[in-house]
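This report concerns only the one structure given below.
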Amino acid sequence: MICQNVGCAFAETCLRHLCFLELTADETALTVLNPLRYPQEGGECAYYNSTKKIRVAWGIRHLLDDIPHQRVKNMRNELIAHFGRTRYYRIYSELLPLLPADQDAVRRIFRKNGITDEPKYGRFTEEIIWG
């Protein structure tokens with residue numbers, strides 16, 4: 001969904017508005033924010049989406065490689081319980097990234113199990129996340 005509100009105080013840093021500014025004649029159909037939903041002057045916008053990039057982690061295939069064997073099964077079960085089985089395997093297969101909050105959850109599971117080393121992920125990227 002894009003936003004056409006040129007008078008918004010947050011327009012310069014809103015991904016929805018910047019996408020509106022980048023429209024081309026090739027676009028045939030769009031989803032646009034209803035102008036009646038624009039926030040009052042100076043108010044917070046429920047549809048604001050920052051252009052700020054965040055650091056996301058990819059790949060947990062080797063996350064538990066350096067963990068003592070007796071802890072691995074329990075930690076894997078805790079990760080699956082936290083993320084859910086489907087999401088866990090999508091993260092494992094690098095179909096989904098680990099957002100900063102997810103990385104914090106993994107770190108807490110490590111600490112809970114007595115592991116002081118930082119979790120090791122396959123790679124990191126800087127991403128803009130649509131909210």
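Labeling convention for the structure tokens: chains A, B, ... as they appear, residues from 1 per chain, ligands from 1 in order of appearance.
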
Can I get the residues of stretch 31-129 of chain A within 7 Å of stretch 9-17 of chain A, each with the closest pair of atoms and their distance in Å to one decimal, using only C-alpha atoms, sorted chain first then ascending number, as JSON lines?
```
{"residue": "A:Tyr48", "atom": "CA", "partner": "A:Cys14", "partner_atom": "CA", "distance": 5.9}
{"residue": "A:Asn49", "atom": "CA", "partner": "A:Cys14", "partner_atom": "CA", "distance": 5.3}
{"residue": "A:Ser50", "atom": "CA", "partner": "A:Cys14", "partner_atom": "CA", "distance": 5.1}
{"residue": "A:Thr51", "atom": "CA", "partner": "A:Leu15", "partner_atom": "CA", "distance": 5.3}
```

A:Met1 surroundings by only C-alpha atoms, 8 Å radius, close-in-sequence under 3 positions cut, as a ChimeraX atom specification: /A:16,30-33

All strand (DSSP E) residues (DSSP, backbone) inside chain A, as an MDAnalysis selection string: chainID A and resid 54:58 123:127

Contacts of A:Pro68 within 12 Å, only C-alpha atoms, excl. fewer than 5 positions in-chain, as a list in words: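 Result of the neighbour search: Leu63, Lys73, Asn74, Met75, Phe110, Asn113, Gly114 and Ile115 of chain A.
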
Minimum-distance residue to A:Glu78, chosen among A:Asp102, A:Thr116, A:Leu96, A:Ile109 (using only C-alpha atoms):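 Nearest to A:Glu78: A:Ile109.
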
Filtered DSSP result for chain A, state alpha helix (DSSP H), as an MDAnalysis selection string: chainID A and resid 15:21 69:83 85:92 100:112

Closest of A:Ile128, A:Ile2, A:Val72, A:Leu98 to A:Ala29 - atom-to-atom distances counting only C-alpha atoms: A:Ile2

Long-range neighbours of A:Pro119 as an MDAnalysis selection string, 10 Å cut-off, only C-alpha atoms, 5 positions minimum in chain: chainID A and resid 60 62:64 66 103:104 106:107 109:110

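Contact shell of A:Ala57 at 6 Å (only C-alpha atoms; same-chain neighbours under 3 positions omitted): A:Pro97, A:Leu98, A:Arg123, A:Phe124.
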
Test item: residues at most 9 Å from A:Pro35, only C-alpha atoms, excluding those fewer than 5 positions along its chain, as a VMD selection string: chain A and resid 3 to 5
